Amino acid sequence: PQSMRLAPLDAQAIRGLASGIKRRSFSFLLARRYLNPRRSMLSSFSLISLVGVMLGVLALVVVMAVFGGLERNVKQRYLDSVPHVLLMRDGPLDRQEADEIIAKTKGFPHVEAATAYVADNVVIDAPIDQRPVDFRGIDTTDRAQMAGIEKMLDKESYPGSSADLGIDDRVIISSQVADLLKLQVGDKIRLVSTRNVREVMRVFKSTEKPPVREAYAKDWKSNTAELHAGWKGEGEGEGEAFTLPLSTWRALYGMLRTIYEDDIRQTEHELVESILLTLDESEIDEAAGVFRLTAAAKVTIEKAIADLNATDAEKMNSEALKGLKSLVLPKEVEVMGVYRASQMAVTPALYLPLPLAQSLAGLGNSVQGISLRLEDPYEAESFKDKVGEIMGPEWRLHTWGEAYEPFFRLIAQQRVMMYFVLVFIMLVSAFSIMAVMFTITIQKRREIGVMKSLGASSGQIVRVFLYQGMILGTLGAVLGVILGRIVIHFRGDLQNVLRAFGFDPFSAQFIGFNTLPADNNPWEQGSFALMAFILCSLAAFVPAFFAARSDAAKSLRNL
């Protein structure tokens with residue numbers, strides 16, 4: 001009908017559009033035809049290229065998911081077992097003061113829990129061997145801490161593991177220590193504090209030294225001689241007092257202080273301490289230039305010096321070594337549970353009830369600091385800045401990120417390096433596609449010449465071969481992501497198959513988990529697929545570009 005007719009310009013535009021669509025469809029269909037020239041699913045060249053892209057994407061998906069899972073699980077294990085923020089001050093905190101600080105910090109925003117912190121080292125005396133390990137005290141009244149410990153227990157490999165520590169003679173050990181010392185739940189072990197070991201070493205070192213009067217012979221002789229000559233009596237009877245010149249008092253006090261801070265025998269240590277305490281009780285008279293001491297103080301000082309001059313090194317050594325028998329008293333405890341440890345995460349070998357930890361660390365009723373757990377541990381740095389201003393300069397705050405920064409940086413670097421290694425696999429696949437496309441363009445030189453003779457433009461020729469690379473890239477990327485996710489889903493079964501053949505590249509002792517952890521990140525996997533598509537497209541564009549520039553006449557003669 002007349003009403004249905006189009007204006008000449010509109011009809012021409014539509015014909016041009018249709019022609020363009022046909023040209024693009026022709027290029028795409030020809031590209032598909034070149035992928036399966038013998039009417040099979042894919043040619044051998046195309047199949048090799050597709051498999052290369054697919055394997056590259058699969059390797060990226062699986063390895064990056066496993067690295068992501070390991071990083072996530074290791075961080076979570078740290079966050080379950082270490083303070084998110086550790087609040088400390090120089091020297092130990094009395095328990096009463098620590099309780100006041102705990103009550104105060106619990107009122108800070110975003111604080112989930114606050115408990116006393118004690119950590120040190122002990123020597124485990126097991127039936128088959130001894131081993132020095134580190135431990136951490138646990139406040140068994142804190143539900144959050146006990147829930148975290150309960151979650152870490154390896155009840156599959158060590159049935160009967162429990163987090164019921166009580167307050168004194170029960171411990172939880174790591175699987176590494178349990179395997180090393182052949183320990184099971186219910187076994188008895190003895191713990192020897194390294195504080196005692198340090199004291200033993202100090203005593204042994206002191207027995208190797210000569211007596212004080214010989215070790216400091218020159219100063220000792222001159223200062224004690226000045227002391228005896230410097231006494232001046234004042235008054236009589238009960239009011240009798242003695243004075244010492246300022247220079248004599250200060251020289252003697254300085255020498256005795258140096259001796260006191262050295263590793264000397266206990267007997268000499270007590271005698272030197274008695275002299276220092278007596279000198280501290282003296283009164284200074286700046287106008288007269290003397291120190292005044294009572295007659296009793298003079299007797300105490302003279303007697304201590306006489307005893308130091310008469311000490312017997314062999315006798316003192318014997319007394320010091322005998323005293324060690326009452327010093328080193330191992331604590332017998334029962335293994336209540338075993339938690340799965342990992343060589344990738346440095347966690348304490350022992351978890352002890354807080355009173356036992358205080359005893360082994362030699363703290364009495366004191367603690368080393370306050371452990372804070374936050375609602376969001378990744379906000380620890382900002383929390384530290386805010387709370388540091390409130391608590392004052394005498395307090396030091398340490399975050400979990402600072403304590404383990406080198407380790408997490410190492411994991412991140414390993415992840416980046418693995419990413420680059422696997423990307424090179426993708427590049428190899430892309431180069432294989434480029435080599436295939438160069439081969440195809442050489443094989444199709446006459447057909448390229450025919451197409452150009454029939455009026456095909458360079459753009460159409462480029463699109464024919466570019467579409468081949470895009471099709472291979474798309475199929476390889478999609479199949480790689482799908483197969484990668486399938487491998488990740490059945491990774492536990494694959495591990496069991498490998499273990500059945502005696503091959504276990506991901507041992508539970510190393511990674512700390514029976515099943516290899518993984519973290520499926522759809523955005524990351526989508527980026528891998530996109531990268532594969534882009535690389536394949538670029539790899540196809542290079543030979544397509546050279547093919548489009550070839551001369552039609554030479555191509556027809558296959559020159």
# chains A, B, ... in the order shown; residues from 1 in each chain; ligands from 1
>>> residues_around(residues="Thr243 in chain A", least_positions_apart="2", cutoff="10 Å", atoms="only C-alpha atoms", output="tab-separated table (two decimals) with N, CA and C atoms, in the first residue's frame")
chain	number	residue	atom	x	y	z
A	230	GLY	N	87.54	6.22	108.04
A	230	GLY	CA	86.67	7.40	108.00
A	230	GLY	C	85.66	7.50	109.12
A	231	TRP	N	85.50	6.47	109.96
A	231	TRP	CA	84.52	6.54	111.04
A	231	TRP	C	84.91	7.60	112.06
A	232	LYS	N	83.98	8.45	112.42
A	232	LYS	CA	84.19	9.45	113.48
A	232	LYS	C	83.02	9.34	114.45
A	233	GLY	N	83.33	9.13	115.73
A	233	GLY	CA	82.28	8.98	116.74
A	233	GLY	C	81.78	10.32	117.25
A	234	GLU	N	80.50	10.39	117.58
A	234	GLU	CA	79.87	11.58	118.18
A	234	GLU	C	78.96	11.12	119.32
A	241	ALA	N	76.68	8.15	117.92
A	241	ALA	CA	76.50	8.08	116.47
A	241	ALA	C	77.86	8.16	115.80
A	245	PRO	N	82.68	10.64	105.83
A	245	PRO	CA	82.79	11.71	104.83
A	245	PRO	C	81.94	11.39	103.59
A	246	LEU	N	81.43	12.44	102.95
A	246	LEU	CA	80.59	12.25	101.78
A	246	LEU	C	81.29	11.42	100.70
A	249	TRP	N	81.42	7.67	101.71
A	249	TRP	CA	80.10	7.04	101.64
A	249	TRP	C	79.69	6.77	100.19
A	282	SER	N	71.11	6.18	106.46
A	282	SER	CA	71.95	7.28	106.99
A	282	SER	C	71.34	8.63	106.66
A	283	GLU	N	71.73	9.65	107.42
A	283	GLU	CA	71.24	11.01	107.22
A	283	GLU	C	72.39	11.89	106.74
A	284	ILE	N	72.15	12.67	105.73
A	284	ILE	CA	73.20	13.52	105.17
A	284	ILE	C	73.21	14.88	105.85
A	285	ASP	N	74.40	15.36	106.11
A	285	ASP	CA	74.58	16.72	106.66
A	285	ASP	C	75.47	17.47	105.66
A	288	ALA	N	78.09	19.97	107.14
A	288	ALA	CA	79.30	19.37	107.71
A	288	ALA	C	80.03	18.49	106.71
A	289	GLY	N	79.34	18.13	105.63
A	289	GLY	CA	79.95	17.28	104.60
A	289	GLY	C	80.10	15.84	105.02
A	290	VAL	N	79.10	15.34	105.80
A	290	VAL	CA	79.19	13.97	106.29
A	290	VAL	C	77.82	13.29	106.22
A	291	PHE	N	77.85	11.94	106.33
A	291	PHE	CA	76.66	11.14	106.55
A	291	PHE	C	76.68	10.65	107.99
A	292	ARG	N	75.55	10.67	108.66
A	292	ARG	CA	75.46	10.20	110.05
A	292	ARG	C	74.75	8.85	110.11
A	293	LEU	N	75.33	7.92	110.86
A	293	LEU	CA	74.75	6.59	111.05
A	293	LEU	C	74.75	6.27	112.54
A	294	THR	N	73.82	5.40	112.95
A	294	THR	CA	73.77	4.99	114.34
A	294	THR	C	74.88	3.99	114.62
A	295	ALA	N	75.11	3.74	115.91
A	295	ALA	CA	76.14	2.77	116.30
A	295	ALA	C	75.76	1.38	115.82
A	298	LYS	N	76.64	1.01	112.23
A	298	LYS	CA	78.08	0.79	112.04
A	298	LYS	C	78.44	-0.67	112.29
>>> select_by_dssp(residues="range 101-210 of chain A", states="alpha helix (DSSP H)", output="JSON, numbers by chain")
{"A": [101, 102, 103, 104, 105, 143, 144, 145, 146, 147, 148, 149, 150, 151, 152, 175, 176, 177, 178, 179, 180, 181, 194, 195, 196, 197, 198, 199, 200, 201, 202, 203, 204, 205, 206, 207]}
>>> select_by_dssp(residues="range 216-364 of chain A", states="strand (DSSP E or B)", output="VMD selection string")
chain A and resid 232 to 234 241 to 245 283 to 285 290 to 294 331 to 339 342 345 350 to 353
>>> residues_around(residues="range 536-548 of chain A", least_positions_apart="3", cutoff="8 Å", atoms="only C-alpha atoms", output="list in words")
Ala430, Phe431, Ile433, Met434, Met437, Phe438, Thr441, Arg445, Ile448, Ser458, Gly459, Ile461, Val462, Arg463, Val464, Phe465, Leu466, Tyr467, Gln468, Gly469, Met470, Leu472, Gly473, Ala532 and Phe533 of chain A
>>> residues_around(residues="range 302-314 of chain A", least_positions_apart="5", cutoff="7 Å", atoms="only C-alpha atoms", output="PyMOL selection string")
chain A and resi 211+213+268+271+275
>>> closest_residue(among="A:Thr207, A:Ser318, A:Thr278, A:Asn121", to="Ile264 in chain A", atoms="only C-alpha atoms")
A:Thr207
>>> closest_atom_pairs(of="range 44-151 of chain A", to="range 335-350 of chain A", cutoff="8 Å", atoms="only C-alpha atoms", output="Markdown table")
| residue | atom | partner | partner_atom | distance |
| --- | --- | --- | --- | --- |
| A:Val74 | CA | A:Ala345 | CA | 6.1 |
| A:Arg77 | CA | A:Ala345 | CA | 7.6 |
| A:Tyr78 | CA | A:Ala345 | CA | 7.1 |
| A:Ser81 | CA | A:Thr347 | CA | 7.2 |
| A:Val133 | CA | A:Ala349 | CA | 6.0 |
| A:Asp134 | CA | A:Ala349 | CA | 5.7 |
| A:Phe135 | CA | A:Leu350 | CA | 4.5 |
| A:Arg136 | CA | A:Pro348 | CA | 6.4 |
>>> residues_around(residues="Ile411 in chain A", least_positions_apart="5", cutoff="12 Å", atoms="only C-alpha atoms", output="list in words")
Phe67, Gly68, Gly69, Leu70, Glu71, Arg72, Val74, Lys75, Met344, Ala345, Tyr404, Glu405, Pro406, Val416, Met417 and Met418 of chain A
